[in-house]
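Asker: entry-v1.pdb is the file, holding PDB, N, CA and C atoms, pLDDT in the B column:
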ATOM      1  N   MET A 828      29.792  -2.198   8.489  1.00 77.00           N
ATOM      2  CA  MET A 828      30.455  -1.023   7.987  1.00 77.00           C
ATOM      3  C   MET A 828      29.409  -0.024   7.510  1.00 77.00           C
ATOM      4  N   ALA A 829      29.600   1.233   7.866  1.00 83.00           N
ATOM      5  CA  ALA A 829      28.635   2.274   7.509  1.00 83.00           C
ATOM      6  C   ALA A 829      28.892   2.747   6.078  1.00 83.00           C
ATOM      7  N   VAL A 830      27.852   2.713   5.282  1.00 89.00           N
ATOM      8  CA  VAL A 830      27.956   3.151   3.895  1.00 89.00           C
ATOM      9  C   VAL A 830      26.838   4.144   3.628  1.00 89.00           C
ATOM     10  N   VAL A 831      27.184   5.273   3.004  1.00 91.00           N
ATOM     11  CA  VAL A 831      26.175   6.245   2.601  1.00 91.00           C
ATOM     12  C   VAL A 831      26.385   6.574   1.129  1.00 91.00           C
ATOM     13  N   VAL A 832      25.289   6.824   0.432  1.00 92.00           N
ATOM     14  CA  VAL A 832      25.340   7.154  -0.990  1.00 92.00           C
ATOM     15  C   VAL A 832      24.890   8.596  -1.152  1.00 92.00           C
ATOM     16  N   LEU A 833      25.615   9.322  -1.967  1.00 92.00           N
ATOM     17  CA  LEU A 833      25.295  10.729  -2.219  1.00 92.00           C
ATOM     18  C   LEU A 833      23.936  10.842  -2.903  1.00 92.00           C
ATOM     19  N   ARG A 834      23.028  11.559  -2.273  1.00 94.00           N
ATOM     20  CA  ARG A 834      21.691  11.760  -2.826  1.00 94.00           C
ATOM     21  C   ARG A 834      21.734  12.920  -3.823  1.00 94.00           C
ATOM     22  N   PRO A 835      20.815  12.936  -4.768  1.00 94.00           N
ATOM     23  CA  PRO A 835      20.811  14.058  -5.723  1.00 94.00           C
ATOM     24  C   PRO A 835      20.553  15.385  -5.004  1.00 94.00           C
ATOM     25  N   GLY A 836      21.388  16.360  -5.268  1.00 94.00           N
ATOM     26  CA  GLY A 836      21.228  17.682  -4.671  1.00 94.00           C
ATOM     27  C   GLY A 836      21.761  17.780  -3.257  1.00 94.00           C
ATOM     28  N   GLU A 837      22.421  16.741  -2.758  1.00 94.00           N
ATOM     29  CA  GLU A 837      22.942  16.739  -1.388  1.00 94.00           C
ATOM     30  C   GLU A 837      24.379  17.262  -1.385  1.00 94.00           C
ATOM     31  N   SER A 838      24.690  18.140  -0.435  1.00 95.00           N
ATOM     32  CA  SER A 838      26.046  18.683  -0.343  1.00 95.00           C
ATOM     33  C   SER A 838      26.972  17.697   0.359  1.00 95.00           C
ATOM     34  N   GLN A 839      28.263  17.933   0.232  1.00 94.00           N
ATOM     35  CA  GLN A 839      29.258  17.074   0.874  1.00 94.00           C
ATOM     36  C   GLN A 839      29.133  17.133   2.391  1.00 94.00           C
ATOM     37  N   GLU A 840      28.801  18.319   2.922  1.00 96.00           N
ATOM     38  CA  GLU A 840      28.645  18.472   4.374  1.00 96.00           C
ATOM     39  C   GLU A 840      27.491  17.624   4.893  1.00 96.00           C
ATOM     40  N   GLN A 841      26.380  17.638   4.152  1.00 96.00           N
ATOM     41  CA  GLN A 841      25.219  16.851   4.563  1.00 96.00           C
ATOM     42  C   GLN A 841      25.530  15.357   4.504  1.00 96.00           C
ATOM     43  N   LEU A 842      26.272  14.960   3.465  1.00 95.00           N
ATOM     44  CA  LEU A 842      26.658  13.561   3.323  1.00 95.00           C
ATOM     45  C   LEU A 842      27.540  13.131   4.481  1.00 95.00           C
ATOM     46  N   LEU A 843      28.502  13.968   4.826  1.00 95.00           N
ATOM     47  CA  LEU A 843      29.411  13.666   5.930  1.00 95.00           C
ATOM     48  C   LEU A 843      28.658  13.588   7.254  1.00 95.00           C
ATOM     49  N   LYS A 844      27.708  14.499   7.462  1.00 96.00           N
ATOM     50  CA  LYS A 844      26.900  14.505   8.679  1.00 96.00           C
ATOM     51  C   LYS A 844      26.088  13.216   8.796  1.00 96.00           C
ATOM     52  N   ARG A 845      25.519  12.771   7.691  1.00 95.00           N
ATOM     53  CA  ARG A 845      24.751  11.537   7.665  1.00 95.00           C
ATOM     54  C   ARG A 845      25.643  10.325   7.949  1.00 95.00           C
ATOM     55  N   PHE A 846      26.846  10.347   7.394  1.00 95.00           N
ATOM     56  CA  PHE A 846      27.799   9.261   7.626  1.00 95.00           C
ATOM     57  C   PHE A 846      28.191   9.185   9.099  1.00 95.00           C
ATOM     58  N   ARG A 847      28.491  10.333   9.704  1.00 93.00           N
ATOM     59  CA  ARG A 847      28.872  10.366  11.116  1.00 93.00           C
ATOM     60  C   ARG A 847      27.756   9.806  12.000  1.00 93.00           C
ATOM     61  N   LYS A 848      26.509  10.200  11.723  1.00 94.00           N
ATOM     62  CA  LYS A 848      25.369   9.697  12.495  1.00 94.00           C
ATOM     63  C   LYS A 848      25.260   8.181  12.374  1.00 94.00           C
ATOM     64  N   LYS A 849      25.456   7.678  11.164  1.00 93.00           N
ATOM     65  CA  LYS A 849      25.356   6.247  10.929  1.00 93.00           C
ATOM     66  C   LYS A 849      26.442   5.497  11.692  1.00 93.00           C
ATOM     67  N   VAL A 850      27.659   6.042  11.713  1.00 92.00           N
ATOM     68  CA  VAL A 850      28.767   5.413  12.432  1.00 92.00           C
ATOM     69  C   VAL A 850      28.467   5.381  13.928  1.00 92.00           C
ATOM     70  N   VAL A 851      27.965   6.490  14.475  1.00 91.00           N
ATOM     71  CA  VAL A 851      27.651   6.547  15.904  1.00 91.00           C
ATOM     72  C   VAL A 851      26.554   5.544  16.246  1.00 91.00           C
ATOM     73  N   ARG A 852      25.523   5.464  15.432  1.00 91.00           N
ATOM     74  CA  ARG A 852      24.411   4.545  15.694  1.00 91.00           C
ATOM     75  C   ARG A 852      24.838   3.084  15.600  1.00 91.00           C
ATOM     76  N   SER A 853      25.793   2.792  14.726  1.00 91.00           N
ATOM     77  CA  SER A 853      26.233   1.405  14.563  1.00 91.00           C
ATOM     78  C   SER A 853      27.073   0.924  15.733  1.00 91.00           C
ATOM     79  N   GLY A 854      27.637   1.858  16.513  1.00 90.00           N
ATOM     80  CA  GLY A 854      28.412   1.487  17.692  1.00 90.00           C
ATOM     81  C   GLY A 854      29.853   1.122  17.398  1.00 90.00           C
ATOM     82  N   VAL A 855      30.330   1.408  16.197  1.00 88.00           N
ATOM     83  CA  VAL A 855      31.701   1.060  15.801  1.00 88.00           C
ATOM     84  C   VAL A 855      32.716   1.761  16.692  1.00 88.00           C
ATOM     85  N   LEU A 856      32.501   3.032  16.973  1.00 89.00           N
ATOM     86  CA  LEU A 856      33.473   3.792  17.769  1.00 89.00           C
ATOM     87  C   LEU A 856      33.597   3.250  19.182  1.00 89.00           C
ATOM     88  N   SER A 857      32.484   2.878  19.785  1.00 87.00           N
ATOM     89  CA  SER A 857      32.556   2.346  21.147  1.00 87.00           C
ATOM     90  C   SER A 857      33.305   1.021  21.176  1.00 87.00           C
ATOM     91  N   ILE A 858      33.128   0.204  20.148  1.00 89.00           N
ATOM     92  CA  ILE A 858      33.852  -1.070  20.071  1.00 89.00           C
ATOM     93  C   ILE A 858      35.341  -0.818  19.922  1.00 89.00           C
ATOM     94  N   VAL A 859      35.700   0.124  19.073  1.00 89.00           N
ATOM     95  CA  VAL A 859      37.119   0.442  18.857  1.00 89.00           C
ATOM     96  C   VAL A 859      37.741   0.964  20.143  1.00 89.00           C
ATOM     97  N   ARG A 860      37.048   1.848  20.835  1.00 88.00           N
ATOM     98  CA  ARG A 860      37.580   2.377  22.093  1.00 88.00           C
ATOM     99  C   ARG A 860      37.742   1.277  23.130  1.00 88.00           C
ATOM    100  N   ARG A 861      36.793   0.377  23.199  1.00 86.00           N
ATOM    101  CA  ARG A 861      36.829  -0.696  24.177  1.00 86.00           C
ATOM    102  C   ARG A 861      37.964  -1.681  23.877  1.00 86.00           C
ATOM    103  N   LYS A 862      38.242  -1.925  22.610  1.00 88.00           N
ATOM    104  CA  LYS A 862      39.264  -2.900  22.231  1.00 88.00           C
ATOM    105  C   LYS A 862      40.629  -2.267  22.009  1.00 88.00           C
ATOM    106  N   ARG A 863      40.768  -1.014  22.346  1.00 92.00           N
ATOM    107  CA  ARG A 863      42.033  -0.315  22.132  1.00 92.00           C
ATOM    108  C   ARG A 863      43.169  -0.950  22.930  1.00 92.00           C
ATOM    109  N   TRP A 864      42.886  -1.350  24.168  1.00 92.00           N
ATOM    110  CA  TRP A 864      43.868  -2.004  25.017  1.00 92.00           C
ATOM    111  C   TRP A 864      43.303  -3.350  25.442  1.00 92.00           C
ATOM    112  N   PHE A 865      44.193  -4.303  25.656  1.00 92.00           N
ATOM    113  CA  PHE A 865      43.768  -5.622  26.109  1.00 92.00           C
ATOM    114  C   PHE A 865      43.389  -5.554  27.579  1.00 92.00           C
ATOM    115  N   ILE A 866      42.248  -6.103  27.910  1.00 91.00           N
ATOM    116  CA  ILE A 866      41.796  -6.178  29.301  1.00 91.00           C
ATOM    117  C   ILE A 866      41.476  -7.640  29.581  1.00 91.00           C
ATOM    118  N   SER A 867      42.112  -8.201  30.597  1.00 93.00           N
ATOM    119  CA  SER A 867      41.896  -9.610  30.917  1.00 93.00           C
ATOM    120  C   SER A 867      40.457  -9.818  31.391  1.00 93.00           C
ATOM    121  N   LYS A 868      40.019 -11.062  31.340  1.00 94.00           N
ATOM    122  CA  LYS A 868      38.644 -11.399  31.729  1.00 94.00           C
ATOM    123  C   LYS A 868      38.386 -11.031  33.192  1.00 94.00           C
ATOM    124  N   SER A 869      39.374 -11.310  34.057  1.00 97.00           N
ATOM    125  CA  SER A 869      39.182 -11.018  35.475  1.00 97.00           C
ATOM    126  C   SER A 869      39.079  -9.505  35.716  1.00 97.00           C
ATOM    127  N   GLU A 870      39.906  -8.735  35.011  1.00 95.00           N
ATOM    128  CA  GLU A 870      39.855  -7.274  35.142  1.00 95.00           C
ATOM    129  C   GLU A 870      38.524  -6.742  34.625  1.00 95.00           C
ATOM    130  N   GLN A 871      38.066  -7.299  33.515  1.00 93.00           N
ATOM    131  CA  GLN A 871      36.788  -6.874  32.936  1.00 93.00           C
ATOM    132  C   GLN A 871      35.641  -7.181  33.908  1.00 93.00           C
ATOM    133  N   ARG A 872      35.687  -8.354  34.546  1.00 96.00           N
ATOM    134  CA  ARG A 872      34.654  -8.725  35.519  1.00 96.00           C
ATOM    135  C   ARG A 872      34.670  -7.777  36.705  1.00 96.00           C
ATOM    136  N   ARG A 873      35.878  -7.436  37.184  1.00 97.00           N
ATOM    137  CA  ARG A 873      35.996  -6.496  38.298  1.00 97.00           C
ATOM    138  C   ARG A 873      35.412  -5.133  37.934  1.00 97.00           C
ATOM    139  N   MET A 874      35.710  -4.663  36.725  1.00 95.00           N
ATOM    140  CA  MET A 874      35.193  -3.366  36.272  1.00 95.00           C
ATOM    141  C   MET A 874      33.671  -3.389  36.193  1.00 95.00           C
ATOM    142  N   GLU A 875      33.114  -4.492  35.696  1.00 96.00           N
ATOM    143  CA  GLU A 875      31.660  -4.601  35.582  1.00 96.00           C
ATOM    144  C   GLU A 875      30.998  -4.640  36.959  1.00 96.00           C
ATOM    145  N   GLU A 876      31.646  -5.302  37.918  1.00 97.00           N
ATOM    146  CA  GLU A 876      31.111  -5.343  39.283  1.00 97.00           C
ATOM    147  C   GLU A 876      31.113  -3.948  39.903  1.00 97.00           C
ATOM    148  N   LYS A 877      32.192  -3.190  39.692  1.00 97.00           N
ATOM    149  CA  LYS A 877      32.258  -1.814  40.208  1.00 97.00           C
ATOM    150  C   LYS A 877      31.164  -0.964  39.583  1.00 97.00           C
ATOM    151  N   LYS A 878      30.989  -1.147  38.284  1.00 96.00           N
ATOM    152  CA  LYS A 878      29.973  -0.386  37.561  1.00 96.00           C
ATOM    153  C   LYS A 878      28.582  -0.695  38.114  1.00 96.00           C
ATOM    154  N   ALA A 879      28.322  -1.973  38.375  1.00 97.00           N
ATOM    155  CA  ALA A 879      27.034  -2.396  38.913  1.00 97.00           C
ATOM    156  C   ALA A 879      26.813  -1.799  40.303  1.00 97.00           C
ATOM    157  N   LEU A 880      27.867  -1.780  41.130  1.00 97.00           N
ATOM    158  CA  LEU A 880      27.754  -1.182  42.468  1.00 97.00           C
ATOM    159  C   LEU A 880      27.416   0.304  42.380  1.00 97.00           C
ATOM    160  N   ARG A 881      28.112   1.018  41.502  1.00 97.00           N
ATOM    161  CA  ARG A 881      27.830   2.453  41.334  1.00 97.00           C
ATOM    162  C   ARG A 881      26.388   2.666  40.897  1.00 97.00           C
ATOM    163  N   ARG A 882      25.935   1.830  39.952  1.00 96.00           N
ATOM    164  CA  ARG A 882      24.557   1.939  39.470  1.00 96.00           C
ATOM    165  C   ARG A 882      23.572   1.707  40.609  1.00 96.00           C
ATOM    166  N   LEU A 883      23.839   0.683  41.418  1.00 96.00           N
ATOM    167  CA  LEU A 883      22.978   0.348  42.545  1.00 96.00           C
ATOM    168  C   LEU A 883      22.927   1.493  43.560  1.00 96.00           C
ATOM    169  N   LYS A 884      24.089   2.058  43.879  1.00 95.00           N
ATOM    170  CA  LYS A 884      24.147   3.173  44.828  1.00 95.00           C
ATOM    171  C   LYS A 884      23.377   4.382  44.303  1.00 95.00           C
ATOM    172  N   ARG A 885      23.545   4.660  42.997  1.00 94.00           N
ATOM    173  CA  ARG A 885      22.825   5.790  42.404  1.00 94.00           C
ATOM    174  C   ARG A 885      21.323   5.588  42.504  1.00 94.00           C
ATOM    175  N   ARG A 886      20.861   4.372  42.223  1.00 93.00           N
ATOM    176  CA  ARG A 886      19.424   4.081  42.303  1.00 93.00           C
ATOM    177  C   ARG A 886      18.909   4.243  43.722  1.00 93.00           C
ATOM    178  N   GLN A 887      19.693   3.780  44.692  1.00 93.00           N
ATOM    179  CA  GLN A 887      19.286   3.889  46.083  1.00 93.00           C
ATOM    180  C   GLN A 887      19.219   5.351  46.512  1.00 93.00           C
ATOM    181  N   MET A 888      20.199   6.149  46.093  1.00 91.00           N
ATOM    182  CA  MET A 888      20.197   7.566  46.425  1.00 91.00           C
ATOM    183  C   MET A 888      18.989   8.270  45.805  1.00 91.00           C
ATOM    184  N   LYS A 889      18.681   7.890  44.590  1.00 88.00           N
ATOM    185  CA  LYS A 889      17.546   8.478  43.891  1.00 88.00           C
ATOM    186  C   LYS A 889      16.245   8.138  44.612  1.00 88.00           C
ATOM    187  N   GLU A 890      16.129   6.905  45.080  1.00 88.00           N
ATOM    188  CA  GLU A 890      14.920   6.476  45.794  1.00 88.00           C
ATOM    189  C   GLU A 890      14.779   7.208  47.124  1.00 88.00           C
ATOM    190  N   MET A 891      15.919   7.451  47.797  1.00 86.00           N
ATOM    191  CA  MET A 891      15.891   8.144  49.083  1.00 86.00           C
ATOM    192  C   MET A 891      15.476   9.603  48.930  1.00 86.00           C
ATOM    193  N   GLU A 892      15.813  10.212  47.797  1.00 83.00           N
ATOM    194  CA  GLU A 892      15.453  11.615  47.550  1.00 83.00           C
ATOM    195  C   GLU A 892      13.947  11.757  47.341  1.00 83.00           C
ATOM    196  N   GLN A 893      13.324  10.748  46.815  1.00 74.00           N
ATOM    197  CA  GLN A 893      11.894  10.856  46.485  1.00 74.00           C
ATOM    198  C   GLN A 893      11.062  10.601  47.650  1.00 74.00           C
TER     199      GLN A 893
END
What would you get if you wrote out this structure as structure tokens?
Answerer:
Amino acid sequence: MAVVVLRPGESQEQLLKRFRKKVVRSGVLSIVRRKRWFISKSEQRRMEEKKALRRLKRRQMKEMEQ
């Protein structure tokens, strides 16, 4: 859990900005988005395989351009 303490002379806006950065860095939002809906193991594996294929194709295209 992200916790920030108000520093002396720090405004509320600065505190909020620091809190938001900490939340993003901790990865909490990505976990929440990922767990928003149930995805079966087989569906998750299929999605990861598609992702890997796209990554592979992108790398190959990049190599061909050079």
Asker: Please indicate the distance in Å from CA of Ala879 in chain A to CA of Val850 in chain A, rounded to one decimal place.
Answerer: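 Interatomic distance, CA of Ala879 in chain A to CA of Val850 in chain A: 27.7 Å.
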Asker: What separation in Å, quoted to one decimal, exists between atom N of Val851 in chain A and atom N of Val830 in chain A?
Answerer: 9.9 Å
Asker: Care to translate the PyMOL selection byres (((chain A and resi 842-846 and name CA) around 8) and name CA) into actual residues of this file, as a list in words?
Answerer: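 On this input, the PyMOL selection byres (((chain A and resi 842-846 and name CA) around 8) and name CA) captures Ala829, Val830, Val831, Val832, Leu833, Glu837, Ser838, Gln839, Glu840, Gln841, Arg847, Lys848, Lys849 and Val850 of chain A.
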Asker: What is the atom N of Lys889 in chain A-CA of Lys877 in chain A distance in Å, reported with one decimal?
Answerer: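 Value for the atom N of Lys889 in chain A-CA of Lys877 in chain A distance: 17.3 Å.
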Asker: So which residues of chain A fall under helix (DSSP H, G or I) by DSSP, listed as a PyMOL selection string?
Answerer: chain A and resi 839-853+855-861+868-892
Asker: As lines of an AutoDock Vina configuration file, please report the centre and edge lengths, rounded to one decimal in Å, of the axis-aligned box that holds all listed atoms of range 841-845 of chain A with 8 Å of padding on each of the six sides.
Answerer:
center_x = 27.1
center_y = 14.0
center_z = 6.1
size_x = 20.7
size_y = 23.3
size_z = 21.5
